[in-house]
Amino acid sequence: MSFARTGLRTLRSLPSAQVYRSSNILNQRRLISDEARKLIDNAVQSNPLVVFMKGTPEAPQCGFSRAVCQILDVQGVPREKIVSYNCLEDQELRSAIKEYSEWPTIPQVYIKGEFVGGCDIVLGMHQSGELENLLIKEGLAPPLPEAEPASKA
């Protein structure tokens, strides 16, 4: 039996929802332009901290983007270390970043070329202390000063 017929038989044995979902993902991967993929690749590979957001760190245009910027501020990340891309200014980038990361929402945070997550993930990491550890480890935030031992009176 030919490979093509075997593959077709395999697809027919899968639930139709799974076939639709898989083919939809493949179609989306083809929709992102080479230019957009190159822009995103260059951004995340050549900068230690990248935020794809609505607005800018100085003027966020949505609450989730504002929350991510506030979390980075609380963590002590200097603004000059944040490279941001305003997805409201470029509709192609806005849709391409979602396909690139396979994450449906904006903002999106990348550290050292790795996708960290959106606002909900960053918030959870912040609350657990995991984000602080990652930012310090990657040299994006200063380490906290050592606590002085309590003196005995």
# chains A, B, ... in the order shown; residues from 1 in each chain; ligands from 1

$ residues_around --residues "Gln70 in chain A" --least-positions-apart "4" --cutoff "12 Å" --atoms "only C-alpha atoms" --output "list in words"
Pro57, Glu58, Ala59, Pro60, Gly63, Phe64, Ser65, Arg66, Val74, Gln75, Gly76, Val77, Pro78, Arg79, Cys119, Val122, Leu123 and His126 of chain A

$ residues_around --residues "Thr56 in chain A" --least-positions-apart "5" --cutoff "10 Å" --atoms "only C-alpha atoms" --output "NGL selection string"
:A and (51 or 61 or 65-66 or 69 or 83-88)

$ closest_residue --among "A:Leu14, A:Ile40, A:Leu131, A:Met125" --to "Tyr100 in chain A" --atoms "only C-alpha atoms"
A:Ile40

$ residues_around --residues "Lys98 in chain A" --least-positions-apart "5" --cutoff "12 Å" --atoms "only C-alpha atoms" --output "list in words"
Ile25, Gln28, Arg29, Leu31, Ile32, Ala36, Arg37, Ile40, Phe52, Met53, Cys87, Gln91, Glu92, Leu93, Trp103, Pro104, Thr105, Ile106, Pro107, Gln108, Val109, Phe115, Gly117 and Gly118 of chain A

$ write_last_selection --atoms "N, CA, C and O atoms" --output "tab-separated table (two decimals), in the first residue's frame"
chain	number	residue	atom	x	y	z
A	25	ILE	N	-3.71	24.12	12.79
A	25	ILE	CA	-2.40	24.57	13.28
A	25	ILE	C	-1.41	24.62	12.13
A	25	ILE	O	-0.64	25.57	11.99
A	28	GLN	N	-2.12	27.65	10.02
A	28	GLN	CA	-1.68	28.87	10.67
A	28	GLN	C	-0.18	29.06	10.53
A	28	GLN	O	0.30	30.16	10.32
A	29	ARG	N	0.58	27.99	10.66
A	29	ARG	CA	2.03	28.09	10.53
A	29	ARG	C	2.42	28.62	9.16
A	29	ARG	O	3.40	29.30	9.02
A	31	LEU	N	0.61	30.71	7.45
A	31	LEU	CA	0.10	32.06	7.26
A	31	LEU	C	1.07	33.14	7.73
A	31	LEU	O	0.99	34.26	7.26
A	32	ILE	N	1.94	32.83	8.66
A	32	ILE	CA	2.89	33.82	9.13
A	32	ILE	C	3.93	34.06	8.03
A	32	ILE	O	4.50	33.13	7.49
A	36	ALA	N	7.69	38.52	8.84
A	36	ALA	CA	7.25	38.62	10.24
A	36	ALA	C	8.01	37.61	11.10
A	36	ALA	O	8.44	37.93	12.21
A	37	ARG	N	8.18	36.40	10.60
A	37	ARG	CA	8.92	35.38	11.35
A	37	ARG	C	10.36	35.84	11.60
A	37	ARG	O	10.89	35.69	12.70
A	40	ILE	N	10.44	38.60	14.32
A	40	ILE	CA	10.24	38.05	15.66
A	40	ILE	C	11.46	37.24	16.09
A	40	ILE	O	11.95	37.39	17.21
A	52	PHE	N	6.12	41.78	23.69
A	52	PHE	CA	5.19	42.14	22.63
A	52	PHE	C	3.91	42.54	23.34
A	52	PHE	O	3.33	41.73	24.08
A	53	MET	N	3.51	43.79	23.19
A	53	MET	CA	2.44	44.32	24.01
A	53	MET	C	1.56	45.29	23.24
A	53	MET	O	1.84	45.61	22.08
A	87	CYS	N	2.15	46.03	19.38
A	87	CYS	CA	1.38	45.23	18.42
A	87	CYS	C	0.17	45.98	17.88
A	87	CYS	O	-0.44	45.54	16.90
A	91	GLN	N	-0.56	45.38	12.48
A	91	GLN	CA	-1.56	44.31	12.51
A	91	GLN	C	-0.95	42.95	12.16
A	91	GLN	O	-1.32	41.93	12.73
A	92	GLU	N	0.00	42.94	11.22
A	92	GLU	CA	0.64	41.67	10.86
A	92	GLU	C	1.42	41.10	12.05
A	92	GLU	O	1.34	39.91	12.34
A	93	LEU	N	2.15	41.96	12.75
A	93	LEU	CA	2.89	41.52	13.93
A	93	LEU	C	1.92	41.02	15.00
A	93	LEU	O	2.18	40.01	15.65
A	103	TRP	N	0.40	31.09	21.31
A	103	TRP	CA	-0.23	31.65	22.51
A	103	TRP	C	-1.24	32.69	22.03
A	103	TRP	O	-0.88	33.59	21.28
A	104	PRO	N	-2.50	32.62	22.46
A	104	PRO	CA	-3.55	33.44	21.84
A	104	PRO	C	-3.65	34.88	22.28
A	104	PRO	O	-4.44	35.64	21.71
A	105	THR	N	-2.91	35.29	23.30
A	105	THR	CA	-3.11	36.64	23.82
A	105	THR	C	-1.83	37.47	23.81
A	105	THR	O	-0.73	36.95	23.70
A	106	ILE	N	-2.03	38.76	23.94
A	106	ILE	CA	-0.96	39.74	24.06
A	106	ILE	C	-1.21	40.45	25.38
A	106	ILE	O	-2.37	40.75	25.67
A	107	PRO	N	-0.20	40.69	26.20
A	107	PRO	CA	1.23	40.71	25.94
A	107	PRO	C	1.86	39.32	25.99
A	107	PRO	O	1.28	38.38	26.53
A	108	GLN	N	3.06	39.26	25.42
A	108	GLN	CA	3.88	38.06	25.45
A	108	GLN	C	5.29	38.46	25.85
A	108	GLN	O	5.84	39.42	25.32
A	109	VAL	N	5.87	37.69	26.77
A	109	VAL	CA	7.19	37.99	27.30
A	109	VAL	C	8.16	36.89	26.90
A	109	VAL	O	7.86	35.70	27.04
A	115	PHE	N	10.10	31.77	25.19
A	115	PHE	CA	8.78	32.29	25.51
A	115	PHE	C	8.46	31.98	26.96
A	115	PHE	O	8.50	30.83	27.38
A	117	GLY	N	5.57	33.58	28.66
A	117	GLY	CA	4.12	33.51	28.75
A	117	GLY	C	3.48	34.87	28.62
A	117	GLY	O	4.14	35.86	28.33
A	118	GLY	N	2.19	34.88	28.88
A	118	GLY	CA	1.42	36.11	28.87
A	118	GLY	C	1.28	36.66	30.28
A	118	GLY	O	1.96	36.23	31.21

$ select_by_dssp --residues "range 118-153 of chain A" --states "alpha helix (DSSP H)" --output "PyMOL selection string"
chain A and resi 119-128+130-137

$ closest_residue --among "A:Ser33, A:Asp41, A:Pro15, A:Arg94" --to "Lys54 in chain A" --atoms "only C-alpha atoms"
A:Arg94
